[in-house]
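Source file structure36.txt; content: compact mmCIF, C-alpha atoms.
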```txt
# COMPACT_ATOMS: atom_id res chain seq x y z
CA MET A 1 0.00 0.00 0.00
CA LYS A 2 2.81 2.37 0.88
CA LYS A 3 4.51 1.55 -2.43
CA MET A 4 1.26 2.23 -4.23
CA LYS A 5 1.05 5.67 -2.62
CA ILE A 6 4.63 6.43 -3.59
CA LEU A 7 3.97 5.33 -7.15
CA LEU A 8 0.89 7.54 -7.29
CA GLY A 9 2.93 10.42 -5.91
CA VAL A 10 5.50 9.99 -8.66
CA ALA A 11 2.74 9.84 -11.26
CA VAL A 12 1.21 13.09 -10.01
CA ILE A 13 4.57 14.85 -10.05
CA THR A 14 5.25 13.59 -13.58
CA VAL A 15 1.89 14.82 -14.84
CA ALA A 16 2.35 18.17 -13.11
CA GLY A 17 5.83 18.44 -14.63
CA PHE A 18 4.46 17.84 -18.08
CA LEU A 19 1.73 20.42 -17.57
CA MET A 20 4.07 23.26 -16.62
CA VAL A 21 3.08 25.16 -19.69
CA ALA A 22 4.16 27.97 -21.86
CA ALA A 23 4.23 31.72 -21.41
CA ASP A 24 3.55 31.50 -17.69
CA HIS A 25 0.47 29.28 -17.80
CA ILE A 26 0.57 26.73 -14.98
CA ASP A 27 4.20 27.61 -14.39
CA ALA A 28 4.55 26.44 -10.81
CA PRO A 29 2.92 24.02 -8.33
CA ALA A 30 1.43 26.71 -6.05
CA VAL A 31 -0.66 28.25 -8.82
CA SER A 32 -1.70 25.04 -10.57
CA GLY A 33 -3.33 22.82 -7.97
CA GLY A 34 -4.22 19.50 -9.60
CA GLY A 35 -2.69 20.60 -12.89
CA ALA A 36 -5.38 23.22 -13.58
CA SER A 37 -4.78 26.92 -13.96
CA SER A 38 -6.06 28.84 -10.93
CA SER A 39 -7.24 32.42 -10.42
CA THR A 40 -3.79 33.27 -9.10
CA ASP A 41 -2.03 31.76 -12.12
CA ILE A 42 -0.72 34.57 -14.32
CA THR A 43 -0.63 33.31 -17.90
CA ASP A 44 0.82 36.32 -19.70
CA PHE A 45 1.81 39.94 -19.33
CA TYR A 46 2.01 42.56 -22.09
CA ALA A 47 2.90 46.25 -22.11
CA PHE A 48 2.80 48.25 -25.32
CA ARG A 49 2.20 51.66 -26.85
CA ALA A 50 -1.55 52.12 -27.14
CA GLU A 51 -3.66 53.28 -30.06
CA ASN A 52 -3.36 56.72 -28.48
CA THR A 53 0.44 56.85 -28.55
CA ASP A 54 0.52 59.04 -25.42
CA ASN A 55 -0.59 55.94 -23.47
CA ILE A 56 0.81 52.54 -22.51
CA ALA A 57 -1.56 49.55 -22.36
CA PHE A 58 -0.88 46.90 -19.74
CA VAL A 59 -2.47 43.45 -20.17
CA ALA A 60 -2.41 40.91 -17.35
CA ASN A 61 -4.07 37.55 -17.97
CA VAL A 62 -4.88 34.92 -15.36
CA ARG A 63 -6.42 31.46 -15.32
CA GLY A 64 -5.57 30.05 -18.73
CA LEU A 65 -6.90 27.22 -20.86
CA ILE A 66 -10.59 28.01 -20.22
CA SER A 67 -12.76 26.13 -22.69
CA PRO A 68 -15.75 27.93 -24.25
CA SER A 69 -18.12 25.49 -22.49
CA ALA A 70 -16.63 26.42 -19.10
CA SER A 71 -16.45 30.15 -19.80
CA SER A 72 -19.88 31.20 -18.53
CA SER A 73 -19.08 29.83 -15.07
CA VAL A 74 -15.63 31.41 -14.74
CA ASP A 75 -15.03 34.74 -13.01
CA PHE A 76 -12.33 36.69 -11.20
CA ASP A 77 -11.72 35.73 -7.56
CA GLU A 78 -12.49 38.44 -4.98
CA ASN A 79 -9.65 37.08 -2.84
CA VAL A 80 -7.02 37.61 -5.54
CA LEU A 81 -5.29 40.97 -5.99
CA ILE A 82 -3.50 41.69 -9.27
CA GLU A 83 -0.60 44.14 -8.94
CA ILE A 84 1.23 45.77 -11.83
CA ASN A 85 4.60 47.08 -10.70
CA ILE A 86 6.52 49.88 -12.40
CA ASP A 87 10.21 50.68 -11.88
CA THR A 88 11.09 54.11 -13.26
CA ASN A 89 14.82 54.26 -12.38
CA GLY A 90 16.23 50.95 -13.60
CA ASP A 91 16.94 49.20 -10.30
CA ALA A 92 14.23 46.51 -10.68
CA ILE A 93 12.55 47.82 -7.52
CA GLN A 94 9.06 49.20 -7.98
CA ASP A 95 8.49 52.95 -7.78
CA MET A 96 4.78 52.79 -8.59
CA VAL A 97 2.08 50.18 -8.43
CA MET A 98 -1.43 49.60 -9.72
CA GLN A 99 -3.74 47.28 -7.77
CA ALA A 100 -6.80 45.61 -9.29
CA ILE A 101 -9.38 43.61 -7.39
CA PRO A 102 -12.96 42.55 -8.20
CA ARG A 103 -15.95 43.28 -5.98
CA ASP A 104 -19.54 42.34 -6.84
CA GLY A 105 -19.23 42.39 -10.62
CA LYS A 106 -16.92 45.38 -10.85
CA MET A 107 -13.13 45.63 -11.17
CA TYR A 108 -11.57 48.31 -8.98
CA VAL A 109 -8.20 49.57 -10.21
CA PHE A 110 -6.23 51.69 -7.71
CA GLY A 111 -3.27 53.75 -8.90
CA PRO A 112 -0.74 54.11 -10.30
CA PHE A 113 0.51 55.40 -6.94
CA ALA A 114 4.02 55.75 -5.48
CA SER A 115 5.29 52.66 -3.67
CA THR A 116 8.78 51.30 -3.17
CA SER A 117 7.75 48.35 -1.01
CA THR A 118 9.36 45.03 -1.89
CA ASP A 119 7.15 43.22 0.64
CA LEU A 120 5.50 40.06 -0.65
CA ASN A 121 2.43 41.07 1.39
CA SER A 122 0.18 43.94 0.31
CA THR A 123 -2.75 45.91 1.58
CA ILE A 124 -4.97 47.81 -0.84
CA ASN A 125 -4.39 51.56 -1.07
CA THR A 126 -7.95 52.85 -1.18
CA ASP A 127 -6.68 56.46 -1.05
CA ALA A 128 -5.18 56.14 -4.54
CA VAL A 129 -6.78 57.34 -7.77
CA ILE A 130 -9.41 54.79 -8.75
CA THR A 131 -10.87 53.44 -11.98
CA VAL A 132 -13.99 51.30 -11.68
CA VAL A 133 -15.33 49.19 -14.54
CA ASP A 134 -18.11 46.62 -14.79
CA ILE A 135 -16.67 43.17 -15.44
CA THR A 136 -17.83 42.24 -18.94
CA PRO A 137 -20.09 39.17 -18.80
CA TYR A 138 -19.20 36.25 -21.12
CA GLY A 139 -20.94 36.81 -24.44
CA SER A 140 -21.37 40.58 -24.03
CA ASN A 141 -19.56 43.33 -25.89
CA ALA A 142 -16.46 44.62 -24.10
CA ILE A 143 -17.28 47.21 -21.40
CA SER A 144 -14.64 49.82 -20.64
CA ALA A 145 -14.48 52.81 -18.31
CA THR A 146 -12.22 55.85 -18.26
CA ASN A 147 -11.63 57.96 -15.15
CA ALA A 148 -10.80 61.66 -14.81
CA SER A 149 -7.05 60.94 -14.97
CA GLY A 150 -7.42 59.34 -18.40
CA ILE A 151 -6.94 55.77 -17.16
CA THR A 152 -9.08 53.22 -19.04
CA ALA A 153 -9.85 49.73 -17.72
CA PHE A 154 -11.39 46.48 -18.94
CA ALA A 155 -11.91 43.19 -17.12
CA GLY A 156 -13.43 40.00 -18.46
CA LEU A 157 -12.95 36.90 -20.56
CA ARG A 158 -11.00 37.20 -23.82
CA ASP A 159 -9.38 34.87 -26.30
CA ASP A 160 -5.96 33.79 -24.98
CA PRO A 161 -3.60 35.90 -27.13
CA PHE A 162 -0.67 33.52 -26.56
CA TYR A 163 0.29 31.02 -29.28
CA PHE A 164 2.81 28.18 -29.07
CA ASP A 165 3.15 24.56 -30.14
CA PHE A 166 3.78 23.58 -26.57
CA ALA A 167 3.07 19.89 -27.12
CA GLN A 168 5.90 19.55 -29.65
CA TYR A 169 8.22 21.62 -27.44
CA SER A 170 7.56 19.10 -24.67
CA GLU A 171 8.34 16.22 -27.02
CA ILE A 172 11.66 17.87 -27.94
CA ILE A 173 12.56 18.51 -24.29
CA ALA A 174 11.62 14.90 -23.45
CA GLY A 175 13.95 13.63 -26.19
CA ASN A 176 11.11 12.19 -28.27
CA ALA A 177 11.55 14.61 -31.18
CA THR A 178 14.43 16.59 -32.66
CA SER A 179 12.57 19.45 -34.31
CA PHE A 180 9.30 21.34 -34.48
CA ASN A 181 6.57 20.39 -36.95
CA ASP A 182 5.69 22.60 -39.91
CA PRO A 183 3.01 23.79 -39.58
CA GLY A 184 2.94 23.67 -35.79
CA THR A 185 -0.17 23.27 -33.65
CA ASP A 186 -1.16 26.12 -31.31
CA LEU A 187 -2.06 24.52 -27.97
CA PHE A 188 -3.87 27.72 -26.93
CA ALA A 189 -6.11 28.05 -29.96
CA GLY A 190 -9.78 28.07 -29.01
CA THR A 191 -9.17 28.78 -25.31
CA ASN A 192 -9.98 31.82 -23.18
CA VAL A 193 -8.36 33.68 -20.30
CA LEU A 194 -9.48 36.23 -17.72
CA SER A 195 -8.01 39.55 -18.87
CA LEU A 196 -7.29 42.80 -17.10
CA VAL A 197 -6.42 45.63 -19.47
CA VAL A 198 -5.39 49.01 -18.06
CA GLU A 199 -4.36 51.84 -20.37
CA VAL A 200 -2.44 54.62 -18.64
CA PRO A 201 -1.17 58.00 -19.84
CA LYS A 202 2.63 57.90 -20.06
CA SER A 203 2.68 61.14 -18.04
CA LEU A 204 1.49 59.15 -14.99
CA ILE A 205 4.28 56.54 -15.16
CA GLY A 206 7.41 58.57 -15.74
CA GLY A 207 6.57 60.40 -18.96
CA THR A 208 9.73 59.63 -20.92
CA GLY A 209 12.66 57.18 -21.03
CA THR A 210 12.13 53.53 -20.12
CA ILE A 211 10.34 51.69 -17.34
CA ASN A 212 10.62 48.13 -16.11
CA THR A 213 7.33 46.42 -15.31
CA TRP A 214 6.05 43.09 -13.99
CA VAL A 215 2.83 41.67 -12.62
CA GLU A 216 2.05 39.80 -9.42
CA THR A 217 -0.95 37.97 -8.03
CA LYS A 218 -1.51 38.05 -4.29
CA SER A 219 -4.27 36.31 -2.36
CA LYS A 220 -5.83 36.28 1.10
CA MET B 221 -57.52 80.71 16.67
CA LYS B 222 -58.56 77.18 15.91
CA ASN B 223 -57.43 77.72 12.32
CA ILE B 224 -54.03 78.87 13.52
CA LYS B 225 -53.69 75.76 15.70
CA ILE B 226 -54.44 73.53 12.73
CA TYR B 227 -52.03 75.52 10.61
CA MET B 228 -49.28 75.15 13.24
CA LEU B 229 -49.99 71.46 13.54
CA ALA B 230 -49.64 71.11 9.78
CA ILE B 231 -46.26 72.86 9.88
CA LEU B 232 -45.17 70.64 12.77
CA VAL B 233 -46.24 67.48 10.94
CA SER B 234 -44.43 68.50 7.79
CA ALA B 235 -41.32 69.42 9.80
CA VAL B 236 -41.37 66.04 11.54
CA SER B 237 -41.96 64.29 8.21
CA PHE B 238 -39.01 66.10 6.72
CA ASN B 239 -36.83 64.99 9.62
CA CYS B 240 -38.02 61.44 9.10
CA SER B 241 -36.94 61.62 5.47
CA ASN B 242 -33.52 62.82 6.51
CA ASP B 243 -33.21 59.92 8.91
CA ASP B 244 -34.16 57.53 6.13
CA ASP B 245 -31.37 58.90 3.92
CA ALA B 246 -28.87 58.54 6.74
CA ALA B 247 -30.03 54.98 7.35
CA LEU B 248 -29.62 54.11 3.67
CA ILE B 249 -26.04 55.36 3.69
CA THR B 250 -25.35 53.26 6.76
CA VAL B 251 -26.76 50.01 5.34
CA ALA B 252 -25.03 50.35 1.95
CA PRO B 253 -21.30 50.80 2.66
CA GLY B 254 -18.63 50.66 -0.07
CA PRO B 255 -16.84 47.40 -0.85
CA ASP B 256 -14.52 46.01 1.80
CA PHE B 257 -10.92 46.21 0.60
CA SER B 258 -9.32 45.38 3.96
CA GLY B 259 -6.90 42.56 4.63
CA THR B 260 -3.44 41.42 3.67
CA TYR B 261 -2.73 39.75 0.33
CA THR B 262 0.24 37.40 -0.01
CA GLN B 263 2.16 36.76 -3.22
CA ASP B 264 1.40 33.66 -5.32
CA ASP B 265 2.64 34.30 -8.87
CA GLN B 266 4.80 36.81 -10.68
CA MET B 267 5.92 37.29 -14.27
CA ALA B 268 7.30 39.78 -16.74
CA ARG B 269 8.91 38.25 -19.84
CA PRO B 270 7.16 35.23 -21.34
CA ALA B 271 8.17 31.65 -20.57
CA ILE B 272 11.07 32.47 -18.22
CA ASN B 273 9.88 30.39 -15.27
CA THR B 274 8.66 27.61 -17.58
CA VAL B 275 11.89 27.28 -19.56
CA PHE B 276 14.72 28.31 -17.24
CA VAL B 277 13.66 27.44 -13.69
CA ASN B 278 14.10 23.88 -12.46
CA ASP B 279 11.04 22.02 -11.19
CA GLY B 280 11.85 22.31 -7.49
CA SER B 281 12.41 26.09 -7.65
CA LYS B 282 9.39 27.38 -9.62
CA ASP B 283 7.39 28.55 -6.60
CA MET B 284 10.51 30.19 -5.19
CA PHE B 285 11.08 32.08 -8.45
CA ASN B 286 7.51 33.39 -8.24
CA THR B 287 8.10 34.74 -4.73
CA THR B 288 11.56 36.26 -5.20
CA VAL B 289 11.38 39.98 -5.93
CA PRO B 290 13.02 40.90 -9.26
CA SER B 291 15.83 42.86 -7.59
CA ALA B 292 16.91 39.62 -5.85
CA GLN B 293 16.36 37.21 -8.76
CA GLY B 294 19.71 37.73 -10.47
CA ALA B 295 21.75 36.67 -7.45
CA ALA B 296 19.42 33.76 -6.73
CA PHE B 297 18.94 32.35 -10.22
CA GLN B 298 21.56 33.46 -12.78
CA THR B 299 23.87 30.47 -12.29
CA ALA B 300 21.01 27.99 -12.56
CA PHE B 301 19.73 29.78 -15.68
CA GLU B 302 23.17 29.49 -17.31
CA ASP B 303 23.32 25.76 -16.48
CA LYS B 304 19.85 25.33 -17.95
CA LEU B 305 20.72 27.24 -21.12
CA LEU B 306 23.78 25.06 -21.71
CA ALA B 307 21.73 21.93 -21.02
CA LEU B 308 19.15 23.01 -23.61
CA ASN B 309 21.83 23.96 -26.15
CA PRO B 310 25.24 22.38 -25.34
CA GLY B 311 26.65 24.08 -28.45
CA TYR B 312 25.75 27.62 -27.28
CA THR B 313 28.46 30.17 -27.96
CA THR B 314 26.76 33.52 -28.41
CA ASN B 315 23.35 34.46 -29.76
CA ALA B 316 22.09 36.93 -32.34
CA LEU B 317 22.30 39.72 -29.76
CA GLY B 318 26.00 38.92 -29.30
CA PHE B 319 25.41 37.76 -25.70
CA THR B 320 27.56 35.06 -24.10
CA ALA B 321 25.76 32.48 -21.96
CA THR B 322 26.57 34.49 -18.85
CA GLN B 323 25.46 37.80 -20.36
CA PHE B 324 22.24 36.31 -21.73
CA THR B 325 21.22 34.59 -18.51
CA THR B 326 22.16 37.63 -16.44
CA ALA B 327 19.70 39.64 -18.53
CA LEU B 328 17.00 36.97 -18.26
CA ALA B 329 17.29 36.15 -14.56
CA THR B 330 16.02 39.57 -13.46
CA ASP B 331 12.53 39.05 -14.81
CA VAL B 332 11.22 42.50 -15.67
CA LEU B 333 9.77 43.73 -18.96
CA THR B 334 11.45 46.90 -20.19
CA VAL B 335 9.09 49.34 -21.92
CA ASP B 336 10.11 52.35 -23.99
CA LEU B 337 7.92 55.39 -23.29
CA ASP B 338 9.28 57.31 -26.30
CA GLY B 339 9.14 54.99 -29.30
CA GLU B 340 8.02 51.70 -30.76
CA THR B 341 7.26 48.92 -28.29
CA THR B 342 8.18 45.38 -29.31
CA PHE B 343 9.67 42.26 -27.78
CA ALA B 344 11.93 42.20 -30.82
CA SER B 345 11.69 43.46 -34.37
CA ALA B 346 12.19 40.88 -37.15
CA ASP B 347 15.82 41.85 -37.76
CA LEU B 348 16.51 42.20 -34.00
CA SER B 349 17.48 45.84 -34.50
CA THR B 350 14.99 46.77 -31.79
CA VAL B 351 14.73 44.44 -28.80
CA LEU B 352 12.97 44.50 -25.46
CA THR B 353 11.16 47.80 -25.71
CA GLY B 354 7.87 46.22 -24.63
CA ARG B 355 5.67 43.29 -25.64
CA THR B 356 2.77 43.61 -28.04
CA LEU B 357 0.06 41.02 -28.60
CA MET B 358 1.43 40.29 -32.07
CA ASP B 359 5.04 39.63 -31.06
CA ASP B 360 6.04 36.03 -31.78
CA VAL B 361 7.87 35.80 -28.47
CA ILE B 362 8.41 32.03 -28.67
CA ASP B 363 10.25 32.22 -32.01
CA ILE B 364 12.34 35.10 -30.69
CA GLU B 365 13.31 33.18 -27.55
CA LEU B 366 13.96 29.93 -29.46
CA THR B 367 16.19 31.83 -31.89
CA LEU B 368 18.16 33.41 -29.04
CA ILE B 369 18.56 30.06 -27.27
CA PHE B 370 19.24 27.75 -30.23
CA GLY B 371 20.08 29.93 -33.23
CA GLY B 372 23.71 30.78 -32.55
CA PRO B 373 25.47 34.05 -33.45
CA ASP B 374 23.43 34.71 -36.60
CA GLY B 375 20.26 32.78 -35.79
CA SER B 376 20.90 30.10 -38.43
CA GLU B 377 22.00 27.19 -36.23
CA ASN B 378 19.58 24.37 -35.28
CA PRO B 379 16.96 25.45 -37.84
CA GLY B 380 14.46 22.83 -36.64
CA LEU B 381 14.47 24.37 -33.16
CA THR B 382 14.31 28.12 -33.83
CA SER B 383 10.63 28.34 -34.79
CA ASP B 384 7.57 26.41 -33.61
CA ASN B 385 5.93 27.28 -36.95
CA VAL B 386 2.93 28.90 -35.26
CA PRO B 387 3.32 32.44 -36.62
CA SER B 388 0.27 34.15 -35.19
CA ASN B 389 -2.72 33.96 -32.86
CA ASP B 390 -5.85 32.02 -33.81
CA LYS B 391 -8.02 35.19 -33.66
CA ALA B 392 -7.22 38.66 -34.96
CA PHE B 393 -6.45 41.33 -32.37
CA LEU B 394 -8.28 44.66 -32.22
CA ALA B 395 -6.71 48.00 -33.17
CA SER B 396 -8.55 49.66 -30.29
CA PHE B 397 -9.05 49.07 -26.57
CA PRO B 398 -9.24 46.39 -25.13
CA TYR B 399 -7.04 45.08 -27.99
CA LEU B 400 -7.54 41.38 -27.20
CA ALA B 401 -9.93 39.35 -29.35
CA SER B 402 -13.37 38.47 -28.02
CA PRO B 403 -13.58 35.09 -26.25
CA HIS B 404 -14.34 31.82 -28.03
```

Starting from the file, give its structure as structure tokens.
Amino acid sequence: MKKMKILLGVAVITVAGFLMVAADHIDAPAVSGGGASSSTDITDFYAFRAENTDNIAFVANVRGLISPSASSSVDFDENVLIEINIDTNGDAIQDMVMQAIPRDGKMYVFGPFASTSTDLNSTINTDAVITVVDITPYGSNAISATNASGITAFAGLRDDPFYFDFAQYSEIIAGNATSFNDPGTDLFAGTNVLSLVVEVPKSLIGGTGTINTWVETKSK
Amino acid sequence: MKNIKIYMLAILVSAVSFNCSNDDDAALITVAPGPDFSGTYTQDDQMARPAINTVFVNDGSKDMFNTTVPSAQGAAFQTAFEDKLLALNPGYTTNALGFTATQFTTALATDVLTVDLDGETTFASADLSTVLTGRTLMDDVIDIELTLIFGGPDGSENPGLTSDNVPSNDKAFLASFPYLASPH
């Protein structure tokens, strides 16, 4: 019986190892309980010049590999805080942060506000500038909201923008193949993610030069 | 005199009614407070550049990578990243950016995404003349990373490993906010 349990343990670890996927989908055990992507599992992070070139758009996606059939029952977790960190002086320590958290069908985005804390624990800064947007229900047109500071926010399900033949990559890493297929097969085609999109005037995040940015999920 | 009494009573009633209304408003404010944002939130996941934890961090260290602040990641992970790079590509010399294994993994181990506030934002342009000035939805980040890991000094080595031959997303992106395609 003990051997059986050990064998099962090995099997679970092997499966979990195989499922450590892609951009950051299911990248680590703590965010992929049972091999599934959780609400704390960041799948991707993007930051780019927006349609209005005076702005930068930040995209943080969580909980990947959502099938269309499961999409109507998936929503953001009110216990999970998404933080976008911004370093304006090149030392990889944040100088500003934005905090996003859902409450009763709305996404509340606080900031950007000044913060140099490197603490892995956070409290929400409710004194910061706020942008509130209704979370777009699955099947509805995208709902966005812009506040007086010119910050625009969206929260809801979107197509997973990531594309990768992860299955063949795994075969190569496992020594079962020596090259990619042509054409490859996008493992993420046809799947959805929970997306947070926040577009911010450059003037609020340093104005000019370069920034370093990264995203965190924190839960209580 | 009787008329005056009735008149006064009417004023009194209306004054009391008005006060009642005020009380009702106050009660409404009390029973409908704003959302509760209190509490302490503890870090679970973290990322900047795509696929760093997945590709370069060994299985036993993935949670640790997600809970090490970027300013401490270089010291904690650069050596392991270099070992991993050379395990993936034992023939690595330099890559198309001219980086040695140590230079490349030093850049990767501090996992932040650099974004240019003045010009074009891209993970890398096709000819690698512009690199790491942001990440757009269209950027084929996997091909860029595969090329830098396997492609050698001019990107031509290991041709079967430098592209996954998935050149774009399965749905078209939007030119306007929120940029991502609608869900399936």

Among B:Leu317, B:Leu333, B:Ser376, B:Ala395, Arg355 of chain B is approached most closely, using all atoms listed in the file, by B:Leu333

Once you count all atoms listed in the file, which residues of chain B turn out to be within 6 Å of chain A? Could you give them as a ChimeraX atom specification?
-> /B:260-268,270-271,274,282-283,290-291,332-338,341,354-356,380-381,384-386,389-390,401-404

Mind giving me the straight-line distance from atom CA of Ser115 of chain A to atom CA of Leu400 of chain B in Å, one decimal?
-> 29.1 Å

In Å to one decimal, how far is atom CA of Pro201 of chain A from atom CA of Thr131 of chain A?
-> 13.3 Å

Set the distance at 9 Å and use all atoms listed in the file: which residues neighbour Ser383 of chain B once local chain neighbours fewer than 5 positions away are removed? I'd like the list as a tab-separated table (two decimals) with C-alpha atoms, in the frame of the given file.
```tsv
chain	number	residue	atom	x	y	z
A	180	PHE	CA	9.30	21.34	-34.48
B	362	ILE	CA	8.41	32.03	-28.67
B	363	ASP	CA	10.25	32.22	-32.01
B	364	ILE	CA	12.34	35.10	-30.69
B	366	LEU	CA	13.96	29.93	-29.46
B	367	THR	CA	16.19	31.83	-31.89
```

Mind giving me the straight-line distance from atom CA of Gln99 of chain A to atom CA of Val132 of chain A in Å, one decimal?
-> 11.7 Å

Quick one: 8 Å padding each side, axis-aligned, all listed atoms of segment 385-404 of chain B - centre and edge lengths in Å to one decimal, as JSON?
```
{"center_x": -4.2, "center_y": 38.5, "center_z": -31.0, "size_x": 36.3, "size_y": 38.4, "size_z": 27.8}
```

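Residues near the point (17.6, 28.6, -26.6), at a distance of 7 Å or less over all atoms listed in the file, make up Leu305, Leu308, Asn309, Glu365, Leu366, Thr367, Leu368, Ile369 and Phe370 of chain B.
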